[in-house]
Amino acid sequence: MENAQLFDAGNKGRGLRATKDLSAGDVVFSEPGFAAVVFDSMAANVCHNCFRRKSQLHRCAQCRFAYYCDRTCQTACWEEHRLECAAIRKIVTAPNQQVLAARVMWRIHKETAIASDSQLVAVDKLKDHVTDLGEEALKQLQANVSSFFDYWSSGSKKHSADYISHIFGIIKCNGFNLSDQHGLQAVGVGLFPNLCLVNHDCWPNCTVILNNGNQSALNSALHSKRRIELRALGKISEGQELTVSYVDYLNLSADRQKMLKGRYFFECTCDHCTQHTKDDLMIAAAESKVTDMVKEVTAFSKERLEKIEAARVEGNFHEVARLCCETLKKQENVLADTHLYKLRVLNSASEALSYLRCYSEAADYARKMLDGYAKLYHPNSGQLGLAVMKAGVTHWHAGQIEHGHGLLCKAYSILLITHGPNHAITRDLESMRAQTEIELKMFKQNERENHAMRQEVLKDNNIFTE
């Protein structure tokens, strides 16, 4: 790879570092991936080639498992799908874990464990952490291995249970969630060997996004494959280690460490964890509030968040909105605007009210939420950029065009760095930004005309009052 190289990262094992100075928005590297699969729950709603979410997809007539945007996507994916198609027909159903493991195995058979010259490590040399799994996780892995052999029985080469366990362990610890073209929902998981070498930091200097590729050009020579992109969030000096965050920063340092230990089996010792950076803001109370009251409202908020999530899963957005409003009233003047529980309730309230088309109220909550986010997130965080974009759209729908346009412009400046100018979400955002700019000019023009008319009316009224 031109911009990154493998190095010994000490107690973190291997890592990648920059081979030259990088600036915000630079693509450090892109990687097509070794194998990827759509989640079972999204199988009929997402193209199995480009991972775009669409309402109408074409189904594979033979296995009736895979779905594609059109014939072009199906043809592009056929080399990967060809072998599994017969296997899926044989067992009727195929959970995505078995499909992904089988795709890894077929790829290893075809090209060995290194698929290209730019791949820095063989996929079966990645860590599996099978020996670190708890009792329940180990039972699930063994069940997956047993199911895999039913699925793989049509394969030409046999493998030991230990080797397949190793592959499943690699997928579990190294799988990267893939989002749809809007970047708003995880729709699948993939294995990207070079990305697996990028170590974690809670305050990283890089971010990872999925570029869904382009299969729509009439000339197939202009088509591009689905790939992940590692992008710099700011200035990175030559020789500096490249890092990404494996978890959402909006958690207390102890909770982030617990999540990382449970999923990836390492103790996070980054500066933000060891120094508990911003933990004070995430549990902050409003000024001059007694400890007992803060504890009571915190416990109440935690309980309510569970009920809010249950109502959201059921699709009962009226109940979500009611619970959020009651909880925010209880939190008022007790929890600070940066408290995690308050931010989570504000987010749920804004989303529920937007769904219910109560845009003005949703915009008010979104604005308060962004004030807290801005004090906690990295200024070029993709999560912040997407939150600002959604808030901008909410303000736009609420008729608050000037504020909405400002938020969309701010979101665009962030997503240019995290996603780049050619990503679908950035292009959509640019279209919205252009539209709000037109509407804002029209509004101001009408405002000037209305003001002139009003002045004329007032002038005429002054005549009558003289």
# chains A, B, ... in the order shown; residues from 1 in each chain; ligands from 1
call {"tool": "select_by_dssp", "arguments": {"residues": "segment 204-327 of chain A", "states": "alpha helix (DSSP H)", "output": "PyMOL selection string"}}
result
chain A and resi 253-264+271-274+279-282+291-314+317-327
call {"tool": "residues_around", "arguments": {"residues": "Ser360 of chain A", "least_positions_apart": "4", "cutoff": "12 Å", "atoms": "only C-alpha atoms", "output": "list in words"}}
result
Ala349, Ser350, Leu353, Ser354, Leu356, Asp364, Tyr365, Ala366, Arg367, Ala391, Gly392, Val393, Thr394, His395, Trp396, His397, Ala398, Gly399, Gln400, Ile401 and Gly404 of chain A
call {"tool": "write_last_selection", "arguments": {"atoms": "C-alpha atoms", "output": "PDB file, in the first residue's frame"}}
result
ATOM      1  CA  ALA A 349     -37.341  12.274  21.127  1.00  0.00           C
ATOM      2  CA  SER A 350     -36.158  13.992  17.956  1.00  0.00           C
ATOM      3  CA  LEU A 353     -41.278  13.311  16.655  1.00  0.00           C
ATOM      4  CA  SER A 354     -39.775  13.461  13.156  1.00  0.00           C
ATOM      5  CA  LEU A 356     -44.723  11.620  13.664  1.00  0.00           C
ATOM      6  CA  ASP A 364     -35.906  21.869  19.201  1.00  0.00           C
ATOM      7  CA  TYR A 365     -34.720  18.576  20.681  1.00  0.00           C
ATOM      8  CA  ALA A 366     -32.209  18.021  17.869  1.00  0.00           C
ATOM      9  CA  ARG A 367     -30.682  21.451  18.473  1.00  0.00           C
ATOM     10  CA  ALA A 391     -30.881  17.780  12.424  1.00  0.00           C
ATOM     11  CA  GLY A 392     -30.545  19.974   9.338  1.00  0.00           C
ATOM     12  CA  VAL A 393     -33.184  17.945   7.491  1.00  0.00           C
ATOM     13  CA  THR A 394     -35.488  18.167  10.524  1.00  0.00           C
ATOM     14  CA  HIS A 395     -35.145  21.967  10.658  1.00  0.00           C
ATOM     15  CA  TRP A 396     -35.765  22.138   6.913  1.00  0.00           C
ATOM     16  CA  HIS A 397     -38.996  20.152   7.273  1.00  0.00           C
ATOM     17  CA  ALA A 398     -39.964  22.401  10.180  1.00  0.00           C
ATOM     18  CA  GLY A 399     -39.785  25.419   7.877  1.00  0.00           C
ATOM     19  CA  GLN A 400     -36.715  26.766   9.684  1.00  0.00           C
ATOM     20  CA  ILE A 401     -34.859  27.055   6.392  1.00  0.00           C
ATOM     21  CA  GLY A 404     -31.531  24.006   8.445  1.00  0.00           C
TER      22      GLY A 404
END
call {"tool": "closest_residue", "arguments": {"among": "A:Glu319, A:Asn251, A:Thr338, A:Ala424", "to": "Ala286 of chain A", "atoms": "only C-alpha atoms"}}
result
A:Thr338
call {"tool": "closest_residue", "arguments": {"among": "A:Ile414, A:Asn96, A:Leu408, A:Thr269", "to": "Ser41 of chain A", "atoms": "only C-alpha atoms"}}
result
A:Asn96
call {"tool": "select_by_dssp", "arguments": {"residues": "segment 141-304 of chain A", "states": "strand (DSSP E)", "output": "PyMOL selection string"}}
result
chain A and resi 176-179+186-191+199-200+206-211+227-232+243-244
call {"tool": "residues_around", "arguments": {"residues": "Tyr163 of chain A", "least_positions_apart": "5", "cutoff": "12 Å", "atoms": "only C-alpha atoms", "output": "PyMOL selection string"}}
result
chain A and resi 101+105+124-125+128+130+142+145+148-149+158+168-170
call {"tool": "residues_around", "arguments": {"residues": "Thr426 of chain A", "least_positions_apart": "4", "cutoff": "12 Å", "atoms": "only C-alpha atoms", "output": "CSV table (one decimal) with all heavy atoms, in the first residue's frame"}}
result
chain,number,residue,atom,x,y,z
A,181,GLN,N,-26.1,2.6,1.5
A,181,GLN,CA,-25.5,3.8,0.8
A,181,GLN,C,-25.7,5.1,1.5
A,181,GLN,O,-25.0,6.1,1.2
A,181,GLN,CB,-26.1,3.8,-0.6
A,181,GLN,CG,-27.6,4.2,-0.7
A,181,GLN,CD,-28.6,3.0,-0.6
A,181,GLN,OE1,-28.2,2.0,0.1
A,181,GLN,NE2,-29.7,3.1,-1.2
A,182,HIS,N,-26.7,5.2,2.5
A,182,HIS,CA,-26.9,6.4,3.2
A,182,HIS,C,-26.1,6.5,4.5
A,182,HIS,O,-26.1,7.5,5.2
A,182,HIS,CB,-28.4,6.5,3.5
A,182,HIS,CG,-29.3,6.5,2.3
A,182,HIS,ND1,-29.2,7.4,1.3
A,182,HIS,CD2,-30.3,5.6,1.9
A,182,HIS,CE1,-30.1,7.1,0.3
A,182,HIS,NE2,-30.7,6.0,0.7
A,183,GLY,N,-25.4,5.4,4.8
A,183,GLY,CA,-24.6,5.4,6.0
A,183,GLY,C,-25.4,5.4,7.3
A,183,GLY,O,-24.8,5.7,8.4
A,211,ASN,N,-17.6,2.4,0.6
A,211,ASN,CA,-18.0,2.9,-0.7
A,211,ASN,C,-18.7,1.8,-1.4
A,211,ASN,O,-18.1,0.8,-1.7
A,211,ASN,CB,-16.7,3.4,-1.4
A,211,ASN,CG,-17.0,4.1,-2.7
A,211,ASN,OD1,-17.9,3.7,-3.5
A,211,ASN,ND2,-16.3,5.2,-3.0
A,382,GLY,N,-17.6,11.1,12.0
A,382,GLY,CA,-18.7,10.8,11.1
A,382,GLY,C,-20.0,10.7,11.9
A,382,GLY,O,-21.0,11.1,11.3
A,385,GLY,N,-21.2,14.2,12.1
A,385,GLY,CA,-21.6,14.7,10.8
A,385,GLY,C,-23.0,14.2,10.4
A,385,GLY,O,-23.8,15.0,9.9
A,386,LEU,N,-23.3,12.9,10.7
A,386,LEU,CA,-24.6,12.4,10.3
A,386,LEU,C,-25.7,13.0,11.2
A,386,LEU,O,-26.8,13.2,10.8
A,386,LEU,CB,-24.5,10.8,10.5
A,386,LEU,CG,-23.7,10.1,9.4
A,386,LEU,CD1,-23.6,8.6,9.8
A,386,LEU,CD2,-24.3,10.3,8.1
A,389,MET,N,-26.4,16.4,10.0
A,389,MET,CA,-27.2,16.3,8.7
A,389,MET,C,-28.7,16.0,9.0
A,389,MET,O,-29.6,16.7,8.5
A,389,MET,CB,-26.7,15.2,7.9
A,389,MET,CG,-27.4,15.0,6.5
A,389,MET,SD,-26.9,13.6,5.6
A,389,MET,CE,-27.7,12.3,6.5
A,408,LEU,N,-26.9,21.9,7.4
A,408,LEU,CA,-26.6,21.0,6.2
A,408,LEU,C,-25.2,21.4,5.7
A,408,LEU,O,-24.4,20.5,5.3
A,408,LEU,CB,-27.6,21.2,5.1
A,408,LEU,CG,-29.0,20.5,5.5
A,408,LEU,CD1,-30.0,20.8,4.3
A,408,LEU,CD2,-28.9,19.0,5.7
A,409,CYS,N,-24.9,22.7,5.7
A,409,CYS,CA,-23.5,23.1,5.3
A,409,CYS,C,-22.5,22.6,6.2
A,409,CYS,O,-21.4,22.2,5.8
A,409,CYS,CB,-23.5,24.7,5.2
A,409,CYS,SG,-24.4,25.4,3.8
A,411,ALA,N,-22.7,20.0,8.2
A,411,ALA,CA,-22.6,18.5,8.0
A,411,ALA,C,-21.8,18.2,6.7
A,411,ALA,O,-21.0,17.3,6.7
A,411,ALA,CB,-24.0,17.9,7.9
A,412,TYR,N,-22.0,19.0,5.7
A,412,TYR,CA,-21.3,18.7,4.4
A,412,TYR,C,-19.8,18.9,4.6
A,412,TYR,O,-19.0,18.1,4.1
A,412,TYR,CB,-21.8,19.7,3.4
A,412,TYR,CG,-21.2,19.5,2.0
A,412,TYR,CD1,-21.7,18.4,1.2
A,412,TYR,CD2,-20.3,20.3,1.4
A,412,TYR,CE1,-21.2,18.2,-0.1
A,412,TYR,CE2,-19.8,20.1,0.1
A,412,TYR,CZ,-20.2,19.0,-0.6
A,412,TYR,OH,-19.7,18.8,-1.9
A,413,SER,N,-19.4,19.9,5.4
A,413,SER,CA,-18.0,20.1,5.6
A,413,SER,C,-17.3,18.9,6.4
A,413,SER,O,-16.2,18.6,6.2
A,413,SER,CB,-17.7,21.4,6.4
A,413,SER,OG,-18.2,21.3,7.7
A,414,ILE,N,-18.1,18.3,7.3
A,414,ILE,CA,-17.6,17.1,8.0
A,414,ILE,C,-17.6,15.9,7.1
A,414,ILE,O,-16.6,15.2,7.1
A,414,ILE,CB,-18.5,16.9,9.3
A,414,ILE,CG1,-18.4,18.0,10.2
A,414,ILE,CG2,-18.0,15.6,10.0
A,414,ILE,CD1,-19.4,17.9,11.4
A,415,LEU,N,-18.7,15.6,6.4
A,415,LEU,CA,-18.8,14.4,5.6
A,415,LEU,C,-17.9,14.5,4.4
A,415,LEU,O,-17.5,13.4,3.8
A,415,LEU,CB,-20.2,14.2,5.2
A,415,LEU,CG,-21.2,13.9,6.3
A,415,LEU,CD1,-22.6,13.6,5.8
A,415,LEU,CD2,-20.7,12.7,7.2
A,416,LEU,N,-17.5,15.6,3.9
A,416,LEU,CA,-16.4,15.7,2.9
A,416,LEU,C,-15.2,15.0,3.4
A,416,LEU,O,-14.4,14.4,2.6
A,416,LEU,CB,-16.2,17.2,2.5
A,416,LEU,CG,-17.0,17.8,1.4
A,416,LEU,CD1,-16.5,19.2,1.2
A,416,LEU,CD2,-16.9,17.0,0.1
A,417,ILE,N,-14.9,15.2,4.6
A,417,ILE,CA,-13.7,14.6,5.2
A,417,ILE,C,-13.9,13.1,5.5
A,417,ILE,O,-13.1,12.2,5.1
A,417,ILE,CB,-13.3,15.3,6.5
A,417,ILE,CG1,-12.8,16.7,6.2
A,417,ILE,CG2,-12.2,14.5,7.3
A,417,ILE,CD1,-12.7,17.6,7.5
A,418,THR,N,-15.0,12.7,6.1
A,418,THR,CA,-15.2,11.3,6.5
A,418,THR,C,-15.7,10.4,5.4
A,418,THR,O,-15.4,9.2,5.4
A,418,THR,CB,-16.3,11.3,7.6
A,418,THR,OG1,-17.5,11.8,7.2
A,418,THR,CG2,-15.8,12.0,8.9
A,419,HIS,N,-16.4,11.0,4.4
A,419,HIS,CA,-17.0,10.1,3.3
A,419,HIS,C,-16.4,10.5,1.9
A,419,HIS,O,-16.5,9.7,1.0
A,419,HIS,CB,-18.5,10.2,3.3
A,419,HIS,CG,-19.1,9.5,4.4
A,419,HIS,ND1,-19.0,10.0,5.8
A,419,HIS,CD2,-19.9,8.5,4.5
A,419,HIS,CE1,-19.7,9.2,6.6
A,419,HIS,NE2,-20.3,8.3,5.8
A,420,GLY,N,-16.0,11.7,1.8
A,420,GLY,CA,-15.5,12.2,0.5
A,420,GLY,C,-16.6,12.7,-0.4
A,420,GLY,O,-17.8,12.4,-0.2
A,421,PRO,N,-16.2,13.5,-1.5
A,421,PRO,CA,-17.2,14.1,-2.3
A,421,PRO,C,-18.0,13.2,-3.2
A,421,PRO,O,-19.1,13.6,-3.6
A,421,PRO,CB,-16.4,15.1,-3.2
A,421,PRO,CG,-15.0,14.4,-3.2
A,421,PRO,CD,-14.8,13.8,-1.9
A,422,ASN,N,-17.6,12.0,-3.4
A,422,ASN,CA,-18.3,11.1,-4.4
A,422,ASN,C,-19.1,10.0,-3.7
A,422,ASN,O,-19.8,9.2,-4.4
A,422,ASN,CB,-17.3,10.4,-5.3
A,422,ASN,CG,-16.5,11.4,-6.2
A,422,ASN,OD1,-17.1,12.4,-6.7
A,422,ASN,ND2,-15.2,11.2,-6.3
A,430,GLU,N,-25.3,17.3,-0.7
A,430,GLU,CA,-25.0,18.4,-1.6
A,430,GLU,C,-26.3,18.9,-2.3
A,430,GLU,O,-26.6,20.1,-2.4
A,430,GLU,CB,-24.0,18.1,-2.6
A,430,GLU,CG,-23.7,19.1,-3.7
A,430,GLU,CD,-23.4,20.5,-3.1
A,430,GLU,OE1,-23.0,20.6,-1.9
A,430,GLU,OE2,-23.5,21.5,-3.9
A,431,SER,N,-27.1,17.9,-2.7
A,431,SER,CA,-28.4,18.2,-3.3
A,431,SER,C,-29.4,19.0,-2.4
A,431,SER,O,-30.0,19.9,-2.7
A,431,SER,CB,-29.1,17.0,-3.9
A,431,SER,OG,-28.3,16.3,-4.9
A,432,MET,N,-29.4,18.5,-1.1
A,432,MET,CA,-30.3,19.1,-0.1
A,432,MET,C,-29.8,20.5,0.2
A,432,MET,O,-30.5,21.5,0.4
A,432,MET,CB,-30.3,18.3,1.1
A,432,MET,CG,-31.1,17.0,1.0
A,432,MET,SD,-31.4,16.1,2.5
A,432,MET,CE,-29.8,15.4,2.8
A,433,ARG,N,-28.4,20.6,0.3
A,433,ARG,CA,-27.8,21.9,0.6
A,433,ARG,C,-28.1,22.9,-0.5
A,433,ARG,O,-28.5,24.1,-0.3
A,433,ARG,CB,-26.3,21.7,0.7
A,433,ARG,CG,-25.6,22.9,1.3
A,433,ARG,CD,-24.2,22.5,1.6
A,433,ARG,NE,-23.4,22.4,0.4
A,433,ARG,CZ,-22.4,23.2,0.1
A,433,ARG,NH1,-22.0,24.2,0.8
A,433,ARG,NH2,-21.7,22.9,-1.0
call {"tool": "residues_around", "arguments": {"residues": "Lys295 of chain A", "least_positions_apart": "6", "cutoff": "12 Å", "atoms": "only C-alpha atoms", "output": "short mmCIF file (atom, residue, chain, number, x, y, z; two decimals) with N, CA, C and O atoms, in the first residue's frame"}}
result
data_model
loop_
_atom_site.label_atom_id
_atom_site.label_comp_id
_atom_site.auth_asym_id
_atom_site.auth_seq_id
_atom_site.Cartn_x
_atom_site.Cartn_y
_atom_site.Cartn_z
N ILE A 283 -21.27 12.53 32.65
CA ILE A 283 -22.10 12.24 33.84
C ILE A 283 -22.35 13.52 34.63
O ILE A 283 -22.73 13.47 35.79
N ALA A 284 -22.18 14.67 33.97
CA ALA A 284 -22.27 15.95 34.66
C ALA A 284 -23.70 16.26 35.12
O ALA A 284 -24.68 15.91 34.44
N ALA A 285 -23.79 16.92 36.26
CA ALA A 285 -25.07 17.39 36.78
C ALA A 285 -25.20 18.88 36.52
O ALA A 285 -24.21 19.58 36.29
N LYS A 289 -26.80 21.11 42.11
CA LYS A 289 -27.75 20.06 42.38
C LYS A 289 -27.16 19.06 43.37
O LYS A 289 -26.00 18.66 43.25
N SER A 301 -33.69 7.78 34.67
CA SER A 301 -33.40 7.91 33.24
C SER A 301 -32.96 6.59 32.63
O SER A 301 -33.37 6.24 31.51
N LYS A 302 -32.14 5.85 33.37
CA LYS A 302 -31.67 4.55 32.88
C LYS A 302 -32.85 3.60 32.66
O LYS A 302 -32.93 2.91 31.64
N GLN A 331 -35.44 15.35 33.96
CA GLN A 331 -34.00 15.65 33.90
C GLN A 331 -33.70 17.14 33.95
O GLN A 331 -32.58 17.54 34.29
N VAL A 334 -31.45 19.19 36.39
CA VAL A 334 -30.79 18.20 37.25
C VAL A 334 -29.56 17.62 36.56
O VAL A 334 -28.45 17.61 37.10
N LEU A 335 -29.75 17.12 35.33
CA LEU A 335 -28.64 16.59 34.54
C LEU A 335 -28.16 17.65 33.56
O LEU A 335 -28.97 18.38 32.98
#
call {"tool": "decode", "arguments": {"residues": "segment 233-341 of chain A", "atoms": "C-alpha atoms", "output": "PDB file, in the first residue's frame"}}
result
ATOM      1  CA  LEU A 233      -9.663  12.794  10.079  1.00  0.00           C
ATOM      2  CA  GLY A 234      -6.935  15.405  10.354  1.00  0.00           C
ATOM      3  CA  LYS A 235      -3.229  15.947   9.839  1.00  0.00           C
ATOM      4  CA  ILE A 236      -1.198  12.738  10.221  1.00  0.00           C
ATOM      5  CA  SER A 237       2.582  12.898  10.147  1.00  0.00           C
ATOM      6  CA  GLU A 238       4.775  10.409   8.322  1.00  0.00           C
ATOM      7  CA  GLY A 239       5.554   7.487  10.628  1.00  0.00           C
ATOM      8  CA  GLN A 240       2.537   8.129  12.896  1.00  0.00           C
ATOM      9  CA  GLU A 241       0.380   5.111  13.721  1.00  0.00           C
ATOM     10  CA  LEU A 242      -2.991   4.937  11.971  1.00  0.00           C
ATOM     11  CA  THR A 243      -5.941   4.307  14.295  1.00  0.00           C
ATOM     12  CA  VAL A 244      -9.709   3.903  14.132  1.00  0.00           C
ATOM     13  CA  SER A 245     -12.325   3.569  16.860  1.00  0.00           C
ATOM     14  CA  TYR A 246     -13.941   0.153  17.244  1.00  0.00           C
ATOM     15  CA  VAL A 247     -16.755   1.541  19.461  1.00  0.00           C
ATOM     16  CA  ASP A 248     -18.869   4.689  19.721  1.00  0.00           C
ATOM     17  CA  TYR A 249     -17.058   7.352  21.747  1.00  0.00           C
ATOM     18  CA  LEU A 250     -20.296   8.408  23.476  1.00  0.00           C
ATOM     19  CA  ASN A 251     -19.771   6.003  26.370  1.00  0.00           C
ATOM     20  CA  LEU A 252     -17.863   6.375  29.616  1.00  0.00           C
ATOM     21  CA  SER A 253     -14.245   5.228  29.378  1.00  0.00           C
ATOM     22  CA  ALA A 254     -14.913   2.244  31.691  1.00  0.00           C
ATOM     23  CA  ASP A 255     -17.873   1.178  29.526  1.00  0.00           C
ATOM     24  CA  ARG A 256     -15.836   1.505  26.326  1.00  0.00           C
ATOM     25  CA  GLN A 257     -13.082  -0.593  27.889  1.00  0.00           C
ATOM     26  CA  LYS A 258     -15.650  -3.220  28.906  1.00  0.00           C
ATOM     27  CA  MET A 259     -17.095  -3.368  25.384  1.00  0.00           C
ATOM     28  CA  LEU A 260     -13.647  -3.662  23.817  1.00  0.00           C
ATOM     29  CA  LYS A 261     -12.598  -6.373  26.244  1.00  0.00           C
ATOM     30  CA  GLY A 262     -15.802  -8.336  25.652  1.00  0.00           C
ATOM     31  CA  ARG A 263     -15.738  -8.124  21.842  1.00  0.00           C
ATOM     32  CA  TYR A 264     -12.067  -7.753  20.905  1.00  0.00           C
ATOM     33  CA  PHE A 265     -10.299  -9.153  23.988  1.00  0.00           C
ATOM     34  CA  PHE A 266      -7.893  -6.320  24.801  1.00  0.00           C
ATOM     35  CA  GLU A 267      -7.548  -3.649  27.455  1.00  0.00           C
ATOM     36  CA  CYS A 268      -7.779  -0.171  25.955  1.00  0.00           C
ATOM     37  CA  THR A 269      -4.960   2.036  27.246  1.00  0.00           C
ATOM     38  CA  CYS A 270      -5.478   5.009  24.938  1.00  0.00           C
ATOM     39  CA  ASP A 271      -5.061   8.491  26.429  1.00  0.00           C
ATOM     40  CA  HIS A 272      -8.801   9.127  26.583  1.00  0.00           C
ATOM     41  CA  CYS A 273      -9.386   5.934  28.586  1.00  0.00           C
ATOM     42  CA  THR A 274      -6.422   6.203  30.951  1.00  0.00           C
ATOM     43  CA  GLN A 275      -7.129   9.873  31.625  1.00  0.00           C
ATOM     44  CA  HIS A 276     -10.935   9.398  31.619  1.00  0.00           C
ATOM     45  CA  THR A 277     -11.190  12.311  29.190  1.00  0.00           C
ATOM     46  CA  LYS A 278     -14.677  13.883  29.056  1.00  0.00           C
ATOM     47  CA  ASP A 279     -16.114  11.362  31.523  1.00  0.00           C
ATOM     48  CA  ASP A 280     -16.926  14.297  33.777  1.00  0.00           C
ATOM     49  CA  LEU A 281     -19.046  15.871  31.038  1.00  0.00           C
ATOM     50  CA  MET A 282     -20.826  12.598  30.245  1.00  0.00           C
ATOM     51  CA  ILE A 283     -22.095  12.243  33.836  1.00  0.00           C
ATOM     52  CA  ALA A 284     -22.274  15.951  34.663  1.00  0.00           C
ATOM     53  CA  ALA A 285     -25.071  17.386  36.777  1.00  0.00           C
ATOM     54  CA  ALA A 286     -26.640  20.784  36.414  1.00  0.00           C
ATOM     55  CA  GLU A 287     -25.128  23.422  38.655  1.00  0.00           C
ATOM     56  CA  SER A 288     -25.886  23.377  42.398  1.00  0.00           C
ATOM     57  CA  LYS A 289     -27.754  20.060  42.383  1.00  0.00           C
ATOM     58  CA  VAL A 290     -27.477  17.760  45.395  1.00  0.00           C
ATOM     59  CA  THR A 291     -25.985  14.307  44.844  1.00  0.00           C
ATOM     60  CA  ASP A 292     -29.069  12.363  45.972  1.00  0.00           C
ATOM     61  CA  MET A 293     -31.301  14.118  43.441  1.00  0.00           C
ATOM     62  CA  VAL A 294     -28.798  13.473  40.643  1.00  0.00           C
ATOM     63  CA  LYS A 295     -28.592   9.776  41.567  1.00  0.00           C
ATOM     64  CA  GLU A 296     -32.382   9.508  41.635  1.00  0.00           C
ATOM     65  CA  VAL A 297     -32.832  11.132  38.207  1.00  0.00           C
ATOM     66  CA  THR A 298     -29.949   9.109  36.732  1.00  0.00           C
ATOM     67  CA  ALA A 299     -31.529   5.835  37.901  1.00  0.00           C
ATOM     68  CA  PHE A 300     -34.927   6.999  36.620  1.00  0.00           C
ATOM     69  CA  SER A 301     -33.398   7.915  33.236  1.00  0.00           C
ATOM     70  CA  LYS A 302     -31.675   4.551  32.879  1.00  0.00           C
ATOM     71  CA  GLU A 303     -34.947   2.724  33.511  1.00  0.00           C
ATOM     72  CA  ARG A 304     -36.866   4.985  31.139  1.00  0.00           C
ATOM     73  CA  LEU A 305     -34.301   4.515  28.343  1.00  0.00           C
ATOM     74  CA  GLU A 306     -35.001   0.781  28.440  1.00  0.00           C
ATOM     75  CA  LYS A 307     -38.751   1.442  28.065  1.00  0.00           C
ATOM     76  CA  ILE A 308     -38.084   3.965  25.292  1.00  0.00           C
ATOM     77  CA  GLU A 309     -36.019   1.413  23.368  1.00  0.00           C
ATOM     78  CA  ALA A 310     -38.692  -1.266  23.822  1.00  0.00           C
ATOM     79  CA  ALA A 311     -41.368   1.104  22.468  1.00  0.00           C
ATOM     80  CA  ARG A 312     -39.109   2.074  19.548  1.00  0.00           C
ATOM     81  CA  VAL A 313     -38.540  -1.577  18.610  1.00  0.00           C
ATOM     82  CA  GLU A 314     -42.322  -2.108  18.652  1.00  0.00           C
ATOM     83  CA  GLY A 315     -42.745   0.904  16.365  1.00  0.00           C
ATOM     84  CA  ASN A 316     -44.892   2.733  18.937  1.00  0.00           C
ATOM     85  CA  PHE A 317     -43.512   6.232  18.306  1.00  0.00           C
ATOM     86  CA  HIS A 318     -46.331   7.974  20.152  1.00  0.00           C
ATOM     87  CA  GLU A 319     -45.245   6.090  23.271  1.00  0.00           C
ATOM     88  CA  VAL A 320     -41.590   6.884  22.565  1.00  0.00           C
ATOM     89  CA  ALA A 321     -42.408  10.587  22.330  1.00  0.00           C
ATOM     90  CA  ARG A 322     -44.483  10.491  25.525  1.00  0.00           C
ATOM     91  CA  LEU A 323     -41.799   8.699  27.521  1.00  0.00           C
ATOM     92  CA  CYS A 324     -39.083  11.029  26.218  1.00  0.00           C
ATOM     93  CA  CYS A 325     -41.013  14.186  27.108  1.00  0.00           C
ATOM     94  CA  GLU A 326     -41.692  12.921  30.640  1.00  0.00           C
ATOM     95  CA  THR A 327     -38.056  11.906  31.117  1.00  0.00           C
ATOM     96  CA  LEU A 328     -36.684  15.211  29.820  1.00  0.00           C
ATOM     97  CA  LYS A 329     -38.986  17.084  32.192  1.00  0.00           C
ATOM     98  CA  LYS A 330     -37.580  15.027  35.080  1.00  0.00           C
ATOM     99  CA  GLN A 331     -33.997  15.646  33.896  1.00  0.00           C
ATOM    100  CA  GLU A 332     -34.473  19.399  33.502  1.00  0.00           C
ATOM    101  CA  ASN A 333     -32.173  21.432  35.766  1.00  0.00           C
ATOM    102  CA  VAL A 334     -30.786  18.200  37.254  1.00  0.00           C
ATOM    103  CA  LEU A 335     -28.636  16.591  34.544  1.00  0.00           C
ATOM    104  CA  ALA A 336     -26.260  18.701  32.439  1.00  0.00           C
ATOM    105  CA  ASP A 337     -26.797  19.065  28.698  1.00  0.00           C
ATOM    106  CA  THR A 338     -23.795  16.780  28.068  1.00  0.00           C
ATOM    107  CA  HIS A 339     -25.034  13.942  30.274  1.00  0.00           C
ATOM    108  CA  LEU A 340     -25.194  10.725  28.221  1.00  0.00           C
ATOM    109  CA  TYR A 341     -28.684   9.807  29.395  1.00  0.00           C
TER     110      TYR A 341
END
